[in-house]
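Q: For reference, the structure I am asking about is given below.
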Amino acid sequence: MIKSKAQVQGSRPSFRLALSRNDLAIAIGVSTSSIDVMVTEGALPPPRKWHSRKLWLIAEVEAHLNEWPVDGEERTPNQIDAILDRHKPQEQQTGPGGYAIPSGNKDDWLQRYYDRLGFDPHTMGHDEMRELHKAAEQRWLASIPGSPLLRLERQALTQLAEHGPSVQVNTRDIKNCGPNTQDRLRARGYLETVPHHKYPESVGALILTDAGYAAFRELDAKQS
């Protein structure tokens with residue numbers, strides 16, 4: 001199974017359904033220019049497109065990779081044509097809520113994603129999907145306190161501790177402290193966030209709490 005960078009680092013427990021060209025190149029160990037060549041040759045599926053953005057469905061990529069010959073195996077042109085025919089894009093069926101219906105195969109990536117959320121595309125729609133995502137997010141946040149600090153969390157604590165607790169620090173001054181790390185530190189009670197003065201939906205400043213400073217001191221003592 002191809003894993004996204006977020007899954008490897010142990011962040012939010014959600015499946016990534018598609019990859020960008022750069023992510024796909026990293027995932028299979030080739031250059032980005034090779035991706036286009038492999039698509040032309042039929043070794044990889046064509047990307048899905050939304051406006052100018054192109055994404056490769058992981059399920060389709062895995063299906064194509066499984067058809068690659070074993071090293072030393074020879075295939076006839078007829079065998080190759082049969083493989084390409086099997087992977088021609090097919091019209092996706094959707095449920096009443098507009099969500100795609102998986103193939104039913106237990107190895108279907110989309111089916112695993114739905115199963116993990118508890119979503120049924122045959123009977124559920126946007127409202128149910130939103131509530132299930134919200135519930136999954138709450139479960140994820142509840143699982144964080146008491147778990148080991150991740151590397152980016154430790155780095156953020158170290159940077160914030162230089163300013164001290166209860167001090168507003170512009171997000172631009174703290175490196176590698178993105179939304180995921182902020183959420184994790186907030187869930188631990190180590191961080192408070194302040195909305196941006198022009199864009200309230202974004203975070204403009206970070207505040208290290210007393211608990212966060214104490215956690216840094218404990219971490220620093222262990223490393224000394």
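Residues in the structure tokens are numbered from 1 in each chain, the chains being A, B, ... in the order shown, and ligands are numbered from 1 in the order shown.
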Identify, on the basis of only C-alpha atoms, every residue whose closest approach to segment 104-121 of chain A does not exceed 9 Å; exclude the query and any residue fewer than 2 positions from it along the same chain; express the result as a list in words.
A: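 Residues meeting the cut-off are Ser14, Phe15, Arg16, Leu17, Ile58, Ala59, Thr94, Gly95, Pro96, Gly97, Gly98, Tyr99, Ala100, Ile101, Pro102, Thr123, Met124, Gly125, Glu128, Met129, Leu132, His133, Ala135 and Ala136 of chain A.
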Q: For the residues in the current selection, export N, CA, C and O atoms as a short mmCIF file (atom, residue, chain, number, x, y, z; two decimals), in the first residue's frame.
A:
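Output below, filename result-v4.cif:
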```cif
data_model
loop_
_atom_site.label_atom_id
_atom_site.label_comp_id
_atom_site.auth_asym_id
_atom_site.auth_seq_id
_atom_site.Cartn_x
_atom_site.Cartn_y
_atom_site.Cartn_z
N SER A 14 -6.05 9.48 8.79
CA SER A 14 -6.98 9.45 7.67
C SER A 14 -6.25 8.99 6.42
O SER A 14 -5.06 9.21 6.27
N PHE A 15 -6.99 8.35 5.53
CA PHE A 15 -6.40 7.87 4.30
C PHE A 15 -6.31 9.00 3.28
O PHE A 15 -7.20 9.82 3.17
N ARG A 16 -5.23 9.01 2.55
CA ARG A 16 -5.07 9.94 1.45
C ARG A 16 -5.46 9.21 0.18
O ARG A 16 -4.92 8.14 -0.11
N LEU A 17 -6.37 9.76 -0.58
CA LEU A 17 -6.91 9.06 -1.74
C LEU A 17 -6.13 9.32 -3.01
O LEU A 17 -6.22 8.54 -3.96
N ILE A 58 -4.63 6.78 -5.74
CA ILE A 58 -3.71 5.77 -5.24
C ILE A 58 -4.18 4.36 -5.61
O ILE A 58 -3.37 3.50 -5.96
N ALA A 59 -5.48 4.15 -5.56
CA ALA A 59 -6.01 2.82 -5.90
C ALA A 59 -5.67 2.46 -7.34
O ALA A 59 -5.32 1.31 -7.64
N THR A 94 -22.33 6.57 -8.45
CA THR A 94 -22.44 7.37 -7.24
C THR A 94 -23.75 7.07 -6.54
O THR A 94 -24.74 6.66 -7.17
N GLY A 95 -23.75 7.30 -5.23
CA GLY A 95 -24.96 7.10 -4.44
C GLY A 95 -25.83 8.34 -4.49
O GLY A 95 -25.50 9.34 -5.14
N PRO A 96 -26.96 8.33 -3.78
CA PRO A 96 -27.89 9.47 -3.80
C PRO A 96 -27.26 10.75 -3.26
O PRO A 96 -27.70 11.85 -3.61
N GLY A 97 -26.22 10.60 -2.43
CA GLY A 97 -25.56 11.79 -1.88
C GLY A 97 -24.46 12.31 -2.77
O GLY A 97 -23.81 13.31 -2.44
N GLY A 98 -24.22 11.64 -3.91
CA GLY A 98 -23.19 12.10 -4.84
C GLY A 98 -21.82 11.52 -4.58
O GLY A 98 -20.87 11.87 -5.28
N TYR A 99 -21.69 10.63 -3.61
CA TYR A 99 -20.39 10.04 -3.31
C TYR A 99 -20.19 8.75 -4.11
O TYR A 99 -21.12 7.98 -4.30
N ALA A 100 -18.95 8.56 -4.55
CA ALA A 100 -18.63 7.40 -5.39
C ALA A 100 -18.86 6.10 -4.63
O ALA A 100 -18.58 6.01 -3.43
N ILE A 101 -19.37 5.11 -5.34
CA ILE A 101 -19.60 3.79 -4.75
C ILE A 101 -18.41 2.90 -5.10
O ILE A 101 -18.08 2.73 -6.28
N PRO A 102 -17.74 2.34 -4.10
CA PRO A 102 -16.56 1.49 -4.36
C PRO A 102 -16.94 0.23 -5.12
O PRO A 102 -18.12 -0.12 -5.25
N THR A 123 -26.49 5.15 1.32
CA THR A 123 -27.56 5.73 2.13
C THR A 123 -27.20 7.08 2.74
O THR A 123 -28.08 7.76 3.27
N MET A 124 -25.94 7.47 2.69
CA MET A 124 -25.50 8.69 3.36
C MET A 124 -25.08 9.75 2.35
O MET A 124 -24.76 9.44 1.20
N GLY A 125 -25.07 10.99 2.83
CA GLY A 125 -24.69 12.10 1.97
C GLY A 125 -23.73 13.05 2.66
O GLY A 125 -22.99 12.66 3.58
N GLU A 128 -23.90 13.56 6.62
CA GLU A 128 -23.36 12.43 7.37
C GLU A 128 -21.83 12.36 7.25
O GLU A 128 -21.14 12.08 8.24
N MET A 129 -21.32 12.63 6.05
CA MET A 129 -19.88 12.62 5.86
C MET A 129 -19.21 13.68 6.73
O MET A 129 -18.18 13.43 7.36
N LEU A 132 -19.26 12.49 10.36
CA LEU A 132 -18.31 11.39 10.58
C LEU A 132 -16.87 11.92 10.61
O LEU A 132 -16.05 11.46 11.42
N HIS A 133 -16.57 12.87 9.74
CA HIS A 133 -15.24 13.48 9.76
C HIS A 133 -15.01 14.22 11.07
O HIS A 133 -13.92 14.16 11.66
N ALA A 135 -16.41 13.58 13.95
CA ALA A 135 -16.22 12.59 15.02
C ALA A 135 -14.83 11.98 14.96
O ALA A 135 -14.19 11.76 16.00
N ALA A 136 -14.33 11.70 13.75
CA ALA A 136 -12.99 11.15 13.60
C ALA A 136 -11.94 12.14 14.08
O ALA A 136 -10.94 11.76 14.71
#
```
Q: Could you give me the residues within segment 81-169 of chain A that DSSP places in helix (DSSP H, G or I), as a ChimeraX atom specification?
A: /A:81-86,109-117,126-142,151-161
Q: Between A:His163, A:His64, A:Arg217, A:Arg21, single out the one closest to Arg48 of chain A, counting only C-alpha atoms.
A: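 Looking only at the distances to Arg48 of chain A, the closest residue turns out to be A:Arg21.
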Q: May I ask which of the residues A:Thr158, A:Asn170, A:Asn176, A:Thr181 is the closest one to Tyr213 of chain A, counting only C-alpha atoms?
A: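 Selected residue with least distance to Tyr213 of chain A: A:Thr158.
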Q: Excluding Lys54 of chain A and any residue of its chain fewer than 4 positions from it, enumerate the residues within 12 Å of it, using only C-alpha atoms, and give them as a PyMOL selection string.
A: chain A and resi 18-24+36+45-50
Q: Rounded to one decimal place, report the atom CA of Asp127 of chain A-atom CA of Glu60 of chain A distance in Å.
A: 27.7 Å
Q: Which is closer to Gly146 of chain A than all the others in A:Cys177, A:Val169, A:Ala215, A:Leu206, using only C-alpha atoms?
A: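 Going through A:Cys177, A:Val169, A:Ala215, A:Leu206 one by one, the smallest distance to Gly146 of chain A is for A:Ala215.
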Q: Have a look at atom CA of Arg151 of chain A and atom CA of Gln168 of chain A and let me know their distance in Å, one decimal.
A: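 Atom CA of Gln168 of chain A lies 22.3 Å from atom CA of Arg151 of chain A.
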Q: Mind pulling up the distance from atom CA of Arg139 of chain A to atom CA of Ile174 of chain A?
A: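 Here the two named atoms are 27.3 Å from each other.
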